[in-house]
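*Asks:* Can you read through this structure? Questions will come right after.
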Amino acid sequence: MKPIIRAENLSKQYRLGERRGAPETLGDVLSETFRSPTKALQRLRGGGPLIWALKDVNFEVMPGEVVGIIGHNGAGKSTLFKILARVTEPTGGRVQLYGRVSSLLEVGTGFHPELTGRENVFLNGSILGMRRSETMRKFDEIVAFAEIERFIDTPVKRYSSGMYMRLAFAVAAHLEPEILLVDEVLAVGDAAFQKKCLGKLGDAASEGRTVLFISHNMAAIQSMCKRVLWLNGGEIVEEAEASKVVSDYMQGGASFSRERVWNDVDSAPGNNKVRLHRACVRPVTGSATDAINIQTPLMLEVEYWNLKPAARLSISLHLYNEEGILVFATVPVRERTWQGKPFPAGLFRSVCYIPGGLLNNGVHRALLFVVKDQEKVILSLEDAVTFDVQDSVERRGDWLSSWPGAVRPDLDWETEYLGDAIASAGIDLPIRTSNSQ
Amino acid sequence: MQTAVTSDNLPSTRPRLPDEPLITIQPSKGWAAIDFREIWEYRGLLYFLTWRDLKVRYKQTALGMAWVIMQPLLTTAVFTVFLGYLVKVPSDGIPYPLFAYAGLLPWTFFMGAINSSSNSLVGNAQLITKVYFPRSIVPIAAVMARLPDFAIAFIVLLGLAVYYRAPIGLNLLMMPVCVALLTLLALGAGMTTSALNVKYRDVGVMMPLLLQILMFVSPVVYPVSLVPPAWRSLYSLNPLVGIIDGFRTSVLGGNFDWQALGISAIITFAILVGAAFSFQRMERHFADIV
């Protein structure tokens, strides 16, 4: 059978963010051109730092396949989608598409706050490539799917954000392209709506549509896709059946710097008071390079040389997540042996135990401080260790989207059956509270 | 291209693939004009974007569509007081208010069209970075959305012409030609400035100033006859000269300056062709830099 998507040597080069000294305005261009013509010429030829967001990517997708695309942030996943959606041009190579493409990365694109829900459905439909007759035919279905029948003639600026996103997703979900690009938009709305969305994607697949699905959520990837592409640094690392790629990808977590060692006292990070010897995060049991998931108990070890005898040292750890949010800060207040006592010169090791069932999934970074007399920071080191905490399928239930929250504690829950008196419950309760007072 | 066939009833049938790829994505090379056939394919989107611009412009304004008439009427009043009454600018024997309104009407359209199309690509960055469609549709829609305003204000002009007993006659046949030229000029200029504005936001800032200058080097509030004959040919290189003068003549009567109109037409088409090529050249980077 013939592939519906064929990408050959696909490459995309980007200039890195804000170039230093790059002209931003027409005036700068003109004045710089006069001041140093050679520099201006260099810039025209593209002198700034360039990176390959995609490099020589080759793959084929058969009609009706659902293919997952995974990789860390910046791996090139979104760039690949932007090229497939023809939003941006590749720098080299080519893609041949044997069908219409729509992408769900455009949820809500072109929605105008002043227009009503009805008007926005038509506008958004036309932006996404639906004909007016097509939109009209599906209009009732779209509105019902979004569950906003009563508000369809209200300007969307008065919608709650949930309603807005539901309507936007509903339009996109009713497109009928041969190829559908989905970029983890399933974080939209509540669990019930998510289920509907996943169902819709499943329908698309069973109707013979080809789906490319980007997600960080390995559970969703494994449940939806047969085949998975793993991108890293703009290149395809692995392309195989979902379970294999996902497990290799999770092992790949070891590539973060989970351990850092400085053997030379003179060049190690620090100063004439204290120097670091080693920082390491590892599962409490098993091998140091085992994958870490949200249930793994961890130990974070810090080894350091104390160079000033009689210093009262302690370690302080700040753990940050992917979004740069401080997850927690910890100091060894309950440590009995050395806390608050003078340290002789020499090598010390402090270990912090992080229980399983506490951290959320994602990349974590530790910011490390060495504190003297419990108040003065004498050494700090960013990214002392970085590690990826993998998700755990058993702890998800039916929730397939990313799990919100800085931490994800494994808490105990109880639910009891309190009887079948539904009507009396509302009356009983206030009387009982007033009695107890 | 768009098959509206749903496979609801035939879940097992896979879509039959065309023999040739529907779309080949590869780096584009060199210069080419805008693909007009593609714009035609996307006319539905053009219609909706125009409709959106129109709809949104007067939403939550107390006077709503009345602004369409108010704007040229108020500026006419101002110029009538200062230029017509105080400075006593000649107006080729036409009552000054009528003369000024007949010039301010096409000018207001042109200015509005340029202003909104200049900012259209930047204002629709969210669209451009997410979905594919011929980018030129955005500035084109911005220009189109000014045409209904023009049509309404034109009815007022006819009313004024009747009131002042202007000799409306066969000259009116040239009116659509002048409006078409004016629209094409606005399209050409608007596409270029919108594309430049994506990379250099200076363009958007500079625009009001440029337009102000342009207004005074065009026969909007004064007649061409005020310009010394020695300067006339240089003056006519401004395509708005032939168009605005032609428009006024078509409604208020008089003799057409065919030479000026011809020059305007040639320059308008040159600008339009230049815009079509340069826009195509710049549009491939819009999503990366907007």
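Ordering of the structure tokens sets the chain letters (A, B, ...), residue numbers begin anew at 1 in every chain, and ligands are numbered from 1 in the order given.
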Select residues of chain B: the criterion is any atom within 6 Å of an atom of chain A, counting only C-alpha atoms; output as a count of residues only.
*Replies:* 17
*Asks:* So how far away is CA of Met299 in chain A from CA of Asp264 in chain A, in Å?
*Replies:*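 CA of Asp264 in chain A sits 24.1 Å away from CA of Met299 in chain A.
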*Asks:* Would you kindly return, as a PyMOL selection string, each protein, DNA or RNA residue with an atom no farther than 6 Å from any atom of range 185-196 of chain B, considering only C-alpha atoms and excluding same-chain residues fewer than 5 positions away?
*Replies:* chain B and resi 114+117-119+121+139+268+271-272+275
*Asks:* How would the residues just chosen look if you wrote them out with N, CA and C atoms as an mmCIF file, in the first residue's frame?
*Replies:*
```cif
data_model
loop_
_atom_site.group_PDB
_atom_site.id
_atom_site.type_symbol
_atom_site.label_atom_id
_atom_site.label_comp_id
_atom_site.auth_asym_id
_atom_site.auth_seq_id
_atom_site.Cartn_x
_atom_site.Cartn_y
_atom_site.Cartn_z
ATOM 1 N N ILE B 114 -5.888 51.346 3.866
ATOM 2 C CA ILE B 114 -4.449 51.214 4.099
ATOM 3 C C ILE B 114 -4.179 50.987 5.589
ATOM 4 N N SER B 117 -5.374 47.423 6.496
ATOM 5 C CA SER B 117 -4.604 46.330 5.909
ATOM 6 C C SER B 117 -3.156 46.336 6.416
ATOM 7 N N SER B 118 -2.591 47.509 6.706
ATOM 8 C CA SER B 118 -1.217 47.544 7.220
ATOM 9 C C SER B 118 -1.085 46.728 8.489
ATOM 10 N N ASN B 119 -2.098 46.828 9.343
ATOM 11 C CA ASN B 119 -2.021 46.124 10.615
ATOM 12 C C ASN B 119 -2.661 44.747 10.576
ATOM 13 N N LEU B 121 -1.971 41.750 9.043
ATOM 14 C CA LEU B 121 -1.197 40.515 9.245
ATOM 15 C C LEU B 121 -0.737 40.406 10.689
ATOM 16 N N PRO B 139 -4.783 40.882 4.130
ATOM 17 C CA PRO B 139 -4.890 42.301 3.747
ATOM 18 C C PRO B 139 -5.990 42.564 2.726
ATOM 19 N N THR B 268 -0.789 52.322 -10.833
ATOM 20 C CA THR B 268 -1.540 51.410 -9.969
ATOM 21 C C THR B 268 -1.209 49.959 -10.299
ATOM 22 N N ILE B 271 2.278 49.040 -9.177
ATOM 23 C CA ILE B 271 2.325 48.806 -7.724
ATOM 24 C C ILE B 271 1.716 47.449 -7.385
ATOM 25 N N LEU B 272 0.609 47.136 -8.052
ATOM 26 C CA LEU B 272 -0.082 45.884 -7.773
ATOM 27 C C LEU B 272 0.789 44.672 -8.126
ATOM 28 N N ALA B 275 3.583 44.410 -5.722
ATOM 29 C CA ALA B 275 3.087 43.914 -4.445
ATOM 30 C C ALA B 275 2.878 42.401 -4.502
#
```
*Asks:* List as a ChimeraX atom specification the protein and nucleic acid residues near Val122 in chain B, meaning an atom at most 8 Å away when only C-alpha atoms are counted, but skip any in the same chain fewer than 4 places from it.
*Replies:* /B:194,197-198,290
*Asks:* I'd like the neighbourhood of Leu240 in chain B as a list in words, where a residue qualifies if any of its atoms comes within 9 Å (using only C-alpha atoms), though same-chain residues fewer than 2 positions away should be ignored.
*Replies:*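 With the cut-off at 9 Å, the set is Trp107, Leu182, Leu185, Leu214, Val217, Ser218, Pro219, Ser236, Leu237, Asn238, Gly242, Ile243, Ile244, Asp245 and Ser264 of chain B.
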*Asks:* Would you work out the distance separating CA of Arg408 in chain A from CA of Thr289 in chain A, expressed in Å to one decimal?
*Replies:*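 CA of Thr289 in chain A lies 22.7 Å from CA of Arg408 in chain A.
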*Asks:* Skipping near chain neighbours, those fewer than 5 positions away, what residues fall within 9 Å of Tyr42 in chain B using only C-alpha atoms, listed as a list in words?
*Replies:* Ser126 and Gly129 of chain A; Arg37, Tyr47, Phe133, Pro134 and Ile137 of chain B
*Asks:* Please provide as a list in words all residues within 9 Å of Glu238 in chain A, with the sequence filter that same-chain residues fewer than 6 positions apart are discarded (counting only C-alpha atoms).
*Replies:*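 So the residues in contact are Val228, Leu229, Trp230, Leu231, Val245, Asp248 and Tyr249 of chain A.
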*Asks:* Suppose you want the space between CA of Leu157 in chain B and CA of Arg248 in chain B; what is it in Å?
*Replies:*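 Taking CA of Leu157 in chain B and CA of Arg248 in chain B, their separation equals 10.3 Å.
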